[in-house]
Structures are given as structure tokens and as C-alpha cells.
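Everything below belongs to entry20.pdb, which stores PDB, C-alpha atoms.
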ATOM      1  CA  MET G   1       0.000   0.000   0.000
ATOM      2  CA  SER G   2       1.415   3.392  -0.969
ATOM      3  CA  ILE G   3       2.392   6.163   1.407
ATOM      4  CA  VAL G   4      -0.335   8.363  -0.101
ATOM      5  CA  ILE G   5      -3.052   5.795   0.529
ATOM      6  CA  ARG G   6      -1.748   5.028   4.032
ATOM      7  CA  ARG G   7      -1.776   8.757   4.845
ATOM      8  CA  LEU G   8      -5.316   9.124   3.563
ATOM      9  CA  LEU G   9      -6.563   6.085   5.419
ATOM     10  CA  ALA G  10      -5.084   7.379   8.641
ATOM     11  CA  ILE G  11      -7.085  10.592   8.192
ATOM     12  CA  ILE G  12     -10.336   9.231   6.787
ATOM     13  CA  THR G  13     -12.747   7.108   8.722
ATOM     14  CA  THR G  14     -15.631   5.631   6.830
ATOM     15  CA  ALA G  15     -18.060   6.792   9.489
ATOM     16  CA  ALA G  16     -16.815  10.342   8.971
ATOM     17  CA  ILE G  17     -17.956  10.081   5.356
ATOM     18  CA  PHE G  18     -21.547   9.908   6.545
ATOM     19  CA  SER G  19     -21.185  12.710   9.117
ATOM     20  CA  THR G  20     -23.699  11.218  11.504
ATOM     21  CA  PRO G  21     -23.776  12.544  15.049
ATOM     22  CA  ALA G  22     -22.274  10.223  17.631
ATOM     23  CA  LEU G  23     -24.579   8.764  20.229
ATOM     24  CA  ALA G  24     -22.759   8.143  23.477
ATOM     25  CA  ALA G  25     -25.227   5.748  25.079
ATOM     26  CA  GLN G  26     -24.845   2.022  24.592
ATOM     27  CA  LEU G  27     -27.810   0.567  22.733
ATOM     28  CA  SER G  28     -29.756  -2.155  24.440
ATOM     29  CA  LYS G  29     -29.950  -5.566  22.799
ATOM     30  CA  GLN G  30     -33.608  -4.784  21.986
ATOM     31  CA  ASP G  31     -32.640  -1.464  20.354
ATOM     32  CA  VAL G  32     -30.068  -3.218  18.168
ATOM     33  CA  GLN G  33     -32.641  -5.880  17.202
ATOM     34  CA  THR G  34     -35.220  -3.209  16.363
ATOM     35  CA  LEU G  35     -32.713  -1.238  14.304
ATOM     36  CA  THR G  36     -31.584  -4.410  12.523
ATOM     37  CA  GLN G  37     -35.183  -5.370  11.743
ATOM     38  CA  LYS G  38     -35.831  -1.916  10.283
ATOM     39  CA  ALA G  39     -32.729  -2.322   8.127
ATOM     40  CA  MET G  40     -33.797  -5.815   7.018
ATOM     41  CA  ASP G  41     -37.174  -4.301   6.060
ATOM     42  CA  GLY G  42     -35.353  -1.896   3.733
ATOM     43  CA  ASP G  43     -35.047   1.252   5.842
ATOM     44  CA  LEU G  44     -31.957   2.973   4.372
ATOM     45  CA  THR G  45     -31.557   5.217   7.415
ATOM     46  CA  ALA G  46     -31.317   2.102   9.584
ATOM     47  CA  HIS G  47     -28.761   0.620   7.156
ATOM     48  CA  SER G  48     -26.653   3.745   7.456
ATOM     49  CA  ASP G  49     -27.057   3.909  11.227
ATOM     50  CA  LEU G  50     -25.951   0.291  11.660
ATOM     51  CA  ALA G  51     -23.008   0.659   9.261
ATOM     52  CA  ASN G  52     -21.730   3.743  11.041
ATOM     53  CA  ARG G  53     -22.329   2.409  14.546
ATOM     54  CA  TYR G  54     -20.552  -0.887  13.862
ATOM     55  CA  ASP G  55     -17.740   0.927  12.059
ATOM     56  CA  VAL G  56     -16.746   3.013  15.067
ATOM     57  CA  GLY G  57     -18.371   1.135  17.960
ATOM     58  CA  ASP G  58     -20.964   3.821  18.614
ATOM     59  CA  GLY G  59     -23.578   2.353  20.961
ATOM     60  CA  VAL G  60     -22.555  -1.182  19.944
ATOM     61  CA  GLU G  61     -19.373  -3.199  20.089
ATOM     62  CA  ARG G  62     -17.164  -2.259  17.118
ATOM     63  CA  ASP G  63     -17.548  -4.849  14.370
ATOM     64  CA  THR G  64     -15.951  -3.976  11.034
ATOM     65  CA  THR G  65     -17.422  -7.087   9.410
ATOM     66  CA  GLN G  66     -20.936  -5.902  10.258
ATOM     67  CA  ALA G  67     -20.018  -2.382   9.131
ATOM     68  CA  ALA G  68     -18.804  -3.705   5.760
ATOM     69  CA  PHE G  69     -21.975  -5.812   5.444
ATOM     70  CA  TRP G  70     -24.248  -2.778   5.936
ATOM     71  CA  TYR G  71     -22.117  -0.485   3.768
ATOM     72  CA  ASN G  72     -22.349  -3.146   1.057
ATOM     73  CA  LYS G  73     -26.150  -3.158   1.342
ATOM     74  CA  LEU G  74     -26.227   0.624   0.928
ATOM     75  CA  ALA G  75     -23.594   0.672  -1.813
ATOM     76  CA  SER G  76     -25.524  -1.935  -3.789
ATOM     77  CA  ARG G  77     -28.528   0.387  -3.667
ATOM     78  CA  GLY G  78     -26.511   3.179  -5.290
ATOM     79  CA  ILE G  79     -25.680   5.282  -2.225
ATOM     80  CA  ALA G  80     -22.509   7.132  -3.239
ATOM     81  CA  LYS G  81     -21.085   7.675   0.246
ATOM     82  CA  ALA G  82     -21.534   3.979   1.021
ATOM     83  CA  GLN G  83     -19.807   3.077  -2.260
ATOM     84  CA  LEU G  84     -16.888   5.241  -1.178
ATOM     85  CA  ALA G  85     -16.921   3.735   2.329
ATOM     86  CA  LEU G  86     -16.989   0.206   0.902
ATOM     87  CA  GLY G  87     -14.136   1.056  -1.473
ATOM     88  CA  LEU G  88     -12.122   2.224   1.528
ATOM     89  CA  LYS G  89     -12.986  -0.991   3.386
ATOM     90  CA  TYR G  90     -11.624  -3.004   0.450
ATOM     91  CA  ILE G  91      -8.457  -0.863   0.338
ATOM     92  CA  ARG G  92      -7.876  -1.422   4.061
ATOM     93  CA  GLY G  93      -9.051  -5.016   4.217
ATOM     94  CA  GLU G  94     -11.159  -3.906   7.153
ATOM     95  CA  GLY G  95     -14.071  -6.228   7.888
ATOM     96  CA  ILE G  96     -13.733  -7.605   4.384
ATOM     97  CA  ALA G  97     -10.898  -9.206   2.425
ATOM     98  CA  ARG G  98      -8.450  -6.645   1.005
ATOM     99  CA  ASP G  99      -9.133  -6.400  -2.723
ATOM    100  CA  ASP G 100      -7.870  -3.502  -4.824
ATOM    101  CA  LYS G 101      -9.988  -4.476  -7.829
ATOM    102  CA  GLN G 102     -13.171  -4.394  -5.749
ATOM    103  CA  ALA G 103     -12.013  -1.103  -4.228
ATOM    104  CA  VAL G 104     -11.639   0.383  -7.721
ATOM    105  CA  HIS G 105     -15.077  -0.940  -8.693
ATOM    106  CA  TRP G 106     -16.806   0.791  -5.782
ATOM    107  CA  LEU G 107     -14.703   3.938  -6.102
ATOM    108  CA  ASN G 108     -15.698   4.177  -9.782
ATOM    109  CA  LEU G 109     -19.363   4.053  -8.828
ATOM    110  CA  ALA G 110     -18.872   6.736  -6.173
ATOM    111  CA  ALA G 111     -16.827   8.850  -8.594
ATOM    112  CA  GLU G 112     -19.669   8.756 -11.115
ATOM    113  CA  GLN G 113     -21.793  10.422  -8.427
ATOM    114  CA  ARG G 114     -19.334  13.311  -8.033
ATOM    115  CA  LEU G 115     -17.505  12.291  -4.875
ATOM    116  CA  ALA G 116     -14.159  14.035  -5.267
ATOM    117  CA  LEU G 117     -12.385  11.775  -2.759
ATOM    118  CA  ALA G 118     -13.326   8.717  -4.836
ATOM    119  CA  GLN G 119     -12.116  10.474  -7.977
ATOM    120  CA  TYR G 120      -8.835  11.356  -6.306
ATOM    121  CA  LEU G 121      -8.343   7.795  -5.011
ATOM    122  CA  LEU G 122      -8.904   6.482  -8.535
ATOM    123  CA  GLY G 123      -6.099   8.788  -9.645
ATOM    124  CA  VAL G 124      -3.859   7.278  -6.970
ATOM    125  CA  ALA G 125      -4.895   3.755  -8.024
ATOM    126  CA  HIS G 126      -3.956   4.430 -11.653
ATOM    127  CA  ALA G 127      -0.745   6.270 -10.740
ATOM    128  CA  GLU G 128       0.451   3.412  -8.538
ATOM    129  CA  GLY G 129      -1.192   0.383 -10.146
ATOM    130  CA  HIS G 130      -3.592  -0.591  -7.337
ATOM    131  CA  GLY G 131      -6.373  -2.780  -8.769
ATOM    132  CA  VAL G 132      -5.653  -1.478 -12.266
ATOM    133  CA  GLU G 133      -2.627  -1.266 -14.521
ATOM    134  CA  ARG G 134      -0.386   1.697 -13.840
ATOM    135  CA  ASP G 135      -1.388   4.444 -16.268
ATOM    136  CA  ASN G 136      -0.301   8.056 -15.838
ATOM    137  CA  VAL G 137      -2.765   9.324 -18.440
ATOM    138  CA  LYS G 138      -5.732   7.841 -16.567
ATOM    139  CA  ALA G 139      -4.254   8.974 -13.245
ATOM    140  CA  TYR G 140      -3.999  12.525 -14.562
ATOM    141  CA  MET G 141      -7.553  12.274 -15.905
ATOM    142  CA  TRP G 142      -8.881  11.344 -12.439
ATOM    143  CA  TYR G 143      -6.805  14.017 -10.731
ATOM    144  CA  GLU G 144      -8.158  16.541 -13.245
ATOM    145  CA  ILE G 145     -11.739  15.512 -12.486
ATOM    146  CA  ALA G 146     -11.214  15.666  -8.711
ATOM    147  CA  ALA G 147      -9.362  18.973  -9.063
ATOM    148  CA  ALA G 148     -12.414  20.371 -10.864
ATOM    149  CA  MET G 149     -14.304  19.513  -7.670
ATOM    150  CA  ASP G 150     -11.681  21.526  -5.701
ATOM    151  CA  HIS G 151     -10.019  18.504  -4.124
ATOM    152  CA  HIS G 152      -6.736  19.979  -2.856
ATOM    153  CA  ASP G 153      -4.696  16.738  -2.876
ATOM    154  CA  ALA G 154      -5.817  16.079  -6.464
ATOM    155  CA  ILE G 155      -4.610  19.511  -7.541
ATOM    156  CA  GLU G 156      -1.193  18.826  -6.022
ATOM    157  CA  ALA G 157      -1.028  15.276  -7.431
ATOM    158  CA  ARG G 158      -1.992  16.490 -10.905
ATOM    159  CA  THR G 159       0.749  19.140 -10.814
ATOM    160  CA  ALA G 160       3.363  16.623  -9.670
ATOM    161  CA  LEU G 161       2.294  14.044 -12.250
ATOM    162  CA  ALA G 162       2.355  16.599 -15.075
ATOM    163  CA  ARG G 163       6.124  16.955 -14.565
ATOM    164  CA  GLN G 164       6.503  13.300 -15.602
ATOM    165  CA  MET G 165       4.258  13.485 -18.661
ATOM    166  CA  THR G 166       4.533  14.763 -22.205
ATOM    167  CA  PRO G 167       2.302  17.613 -23.381
ATOM    168  CA  VAL G 168       0.590  15.143 -25.731
ATOM    169  CA  ASP G 169      -0.276  12.803 -22.846
ATOM    170  CA  ILE G 170      -1.546  15.706 -20.743
ATOM    171  CA  ARG G 171      -3.833  16.872 -23.565
ATOM    172  CA  LYS G 172      -5.074  13.286 -23.993
ATOM    173  CA  ALA G 173      -5.826  13.038 -20.250
ATOM    174  CA  GLU G 174      -7.570  16.419 -20.247
ATOM    175  CA  LYS G 175      -9.733  15.333 -23.189
ATOM    176  CA  MET G 176     -10.582  12.083 -21.383
ATOM    177  CA  ALA G 177     -11.508  14.082 -18.261
ATOM    178  CA  ASN G 178     -13.678  16.417 -20.315
ATOM    179  CA  ASP G 179     -15.409  13.490 -22.056
ATOM    180  CA  TRP G 180     -15.984  11.781 -18.693
ATOM    181  CA  TRP G 181     -17.367  14.999 -17.227
ATOM    182  CA  LEU G 182     -19.809  15.425 -20.116
ATOM    183  CA  LYS G 183     -20.956  11.809 -19.776
ATOM    184  CA  PHE G 184     -21.653  11.954 -16.044
ATOM    185  CA  HIS G 185     -22.743  15.563 -15.588
TER     186      HIS G 185
END
Re-express the file's structure as C-alpha cells.
Amino acid sequence: MSIVIRRLLAIITTAAIFSTPALAAQLSKQDVQTLTQKAMDGDLTAHSDLANRYDVGDGVERDTTQAAFWYNKLASRGIAKAQLALGLKYIRGEGIARDDKQAVHWLNLAAEQRLALAQYLLGVAHAEGHGVERDNVKAYMWYEIAAAMDHHDAIEARTALARQMTPVDIRKAEKMANDWWLKFH
């Protein structure tokens, strides 16, 4: 795992992605069962609540496997922040087997929904060959897209990567970024 990804993972918690307020009180067994039943009945708020609570141990014992399970349920229903959270779980191997290809899959889905962090992480994946073949043109494309969303690290990464690229490759990456932007926005 690269230094960049390790630094990001140290800063980012998947629960922070959802920005849900912490509840200090421990949930009773009945409360957990009720919340789980609501989630099983399709309540997306309950899914999110369970994922976040299990992820950080808020009101329940921390259980990253349960967190990954509930993030997966949300991600499969097209919830962008859960797709990002699940991608991060796959990068870390936290509660789920580490799998860079699955991480890239979920990050792509989150990126399509305009999550700049997912776009930036896809740039890192392409720059370093995590889950995809190393490709500076695609890395620059993703950094360009995330930079358009004002992601500071993407702006810096794009600038650094440009020093290693030819003007032709930069123009190609910029065209790819523009085409992607038009397709998804």
C-alpha cells in the first residue's frame, strides 16, 4: 500500500464520510434488534445507522465485518457515500478481504456520483497500479476531475504528475476528463 493511501486512510474514517452525530449511550440488545429489523425491512436510514455504529463502535461493540456488510447493502442500492466507504474498506481489508480491484469498482461508482475523494483515489490507483494497470494518463484524468471539484490533494497530485508526462499525454488526459465529465454531468 502506498504512502499516499496510508496517509489518507489514517485521516479518513468511513463513518466520517456519513457525518452522523455520535450517540454516546450504549444501545440495548432490543434497540439493536429493532434497528436491525428496520434495516432488514429496507429502511436505508437504519442501514446507514448500523453501518456507522458498527464501524466506530458507537452504541454497539465495534464490528468492522458488520459495518462492511451494511455499507455493502447501501452501496448496492446506489448510495454514493456507502460506495466510497466500501471502497475504503476493500483498500484497508477492514471487515472484508483486502481487494484492490473491488475497491476500484466501488470507487468508480462513487466517482460517477461526483464524490471528489473517490475520484482522487482512482487517480492514486492508476498512478500506482492498485487494482488497475499503472497508467499516468488515466491517473492525470482522475486528478483533473477531482481537481475540478476543488479537491486539494488532487490539484497537487496532478501538478506533480504533469512533470513526468509529455504535453501530448496531458492533452489526452484532459480530453478524457472532459469526455468523462460530459458523460456523467
Item to check | Resolved residues for the PyMOL selection byres ((chain G and resi 135-142) around 7) as a ChimeraX atom specification | outcome: /G:119-120,122-124,126-127,133-134,143-146,158,161,169-170,173-174,176-177
Atoms to include: C-alpha atoms. Write the selected residues as a PDB file, in the frame of the given file.
ATOM      1  CA  GLN G 119     -12.116  10.474  -7.977  1.00  0.00           C
ATOM      2  CA  TYR G 120      -8.835  11.356  -6.306  1.00  0.00           C
ATOM      3  CA  LEU G 122      -8.904   6.482  -8.535  1.00  0.00           C
ATOM      4  CA  GLY G 123      -6.099   8.788  -9.645  1.00  0.00           C
ATOM      5  CA  VAL G 124      -3.859   7.278  -6.970  1.00  0.00           C
ATOM      6  CA  HIS G 126      -3.956   4.430 -11.653  1.00  0.00           C
ATOM      7  CA  ALA G 127      -0.745   6.270 -10.740  1.00  0.00           C
ATOM      8  CA  GLU G 133      -2.627  -1.266 -14.521  1.00  0.00           C
ATOM      9  CA  ARG G 134      -0.386   1.697 -13.840  1.00  0.00           C
ATOM     10  CA  TYR G 143      -6.805  14.017 -10.731  1.00  0.00           C
ATOM     11  CA  GLU G 144      -8.158  16.541 -13.245  1.00  0.00           C
ATOM     12  CA  ILE G 145     -11.739  15.512 -12.486  1.00  0.00           C
ATOM     13  CA  ALA G 146     -11.214  15.666  -8.711  1.00  0.00           C
ATOM     14  CA  ARG G 158      -1.992  16.490 -10.905  1.00  0.00           C
ATOM     15  CA  LEU G 161       2.294  14.044 -12.250  1.00  0.00           C
ATOM     16  CA  ASP G 169      -0.276  12.803 -22.846  1.00  0.00           C
ATOM     17  CA  ILE G 170      -1.546  15.706 -20.743  1.00  0.00           C
ATOM     18  CA  ALA G 173      -5.826  13.038 -20.250  1.00  0.00           C
ATOM     19  CA  GLU G 174      -7.570  16.419 -20.247  1.00  0.00           C
ATOM     20  CA  MET G 176     -10.582  12.083 -21.383  1.00  0.00           C
ATOM     21  CA  ALA G 177     -11.508  14.082 -18.261  1.00  0.00           C
TER      22      ALA G 177
END
Next on the checklist: Can you spell out as a ChimeraX atom specification the set of residues that the PyMOL selection byres ((chain G and resi 83-95) around 6) selects in the structure I just provided?
Outcome noted: /G:14,64-65,68,71,75,80-82,96-100,103,106-107,110
Item to check | G:Gly42 surroundings by all atoms listed in the file, 10 Å radius, close-in-sequence under 5 positions cut, as a PyMOL selection string | outcome: chain G and resi 36-37+47+73-74
Checklist entry - Any idea what the distance is between atom CA of G:Gly129 and atom CA of G:Arg171? => result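 The value is 21.4 Å.
Taking atom CA of G:Ser48 as the reference point, atom CA of G:Val32 is found at 13.2 Å.
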Checklist entry - Can you tell me, as a VMD selection string, which residues sit within 12 Å of (-19.8, 6.0, -12.9) in the file's frame, using all atoms listed in the file? => result chain G and resid 78 80 83 104 to 115 118 to 119 122 180 to 185
Next on the checklist: One decimal, in Å: what's the spacing between atom CA of G:Gly59 and atom CA of G:Leu35?
Outcome noted: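 Going from atom CA of G:Gly59 over to atom CA of G:Leu35, I get 11.9 Å.
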Writing C-alpha atoms and nothing else, produce stretch 152-168 of chain G as a compact mmCIF listing (two decimals), in the first residue's frame.
# COMPACT_ATOMS: atom_id res chain seq x y z
CA HIS G 152 -6.74 19.98 -2.86
CA ASP G 153 -4.70 16.74 -2.88
CA ALA G 154 -5.82 16.08 -6.46
CA ILE G 155 -4.61 19.51 -7.54
CA GLU G 156 -1.19 18.83 -6.02
CA ALA G 157 -1.03 15.28 -7.43
CA ARG G 158 -1.99 16.49 -10.90
CA THR G 159 0.75 19.14 -10.81
CA ALA G 160 3.36 16.62 -9.67
CA LEU G 161 2.29 14.04 -12.25
CA ALA G 162 2.35 16.60 -15.07
CA ARG G 163 6.12 16.95 -14.56
CA GLN G 164 6.50 13.30 -15.60
CA MET G 165 4.26 13.48 -18.66
CA THR G 166 4.53 14.76 -22.21
CA PRO G 167 2.30 17.61 -23.38
CA VAL G 168 0.59 15.14 -25.73
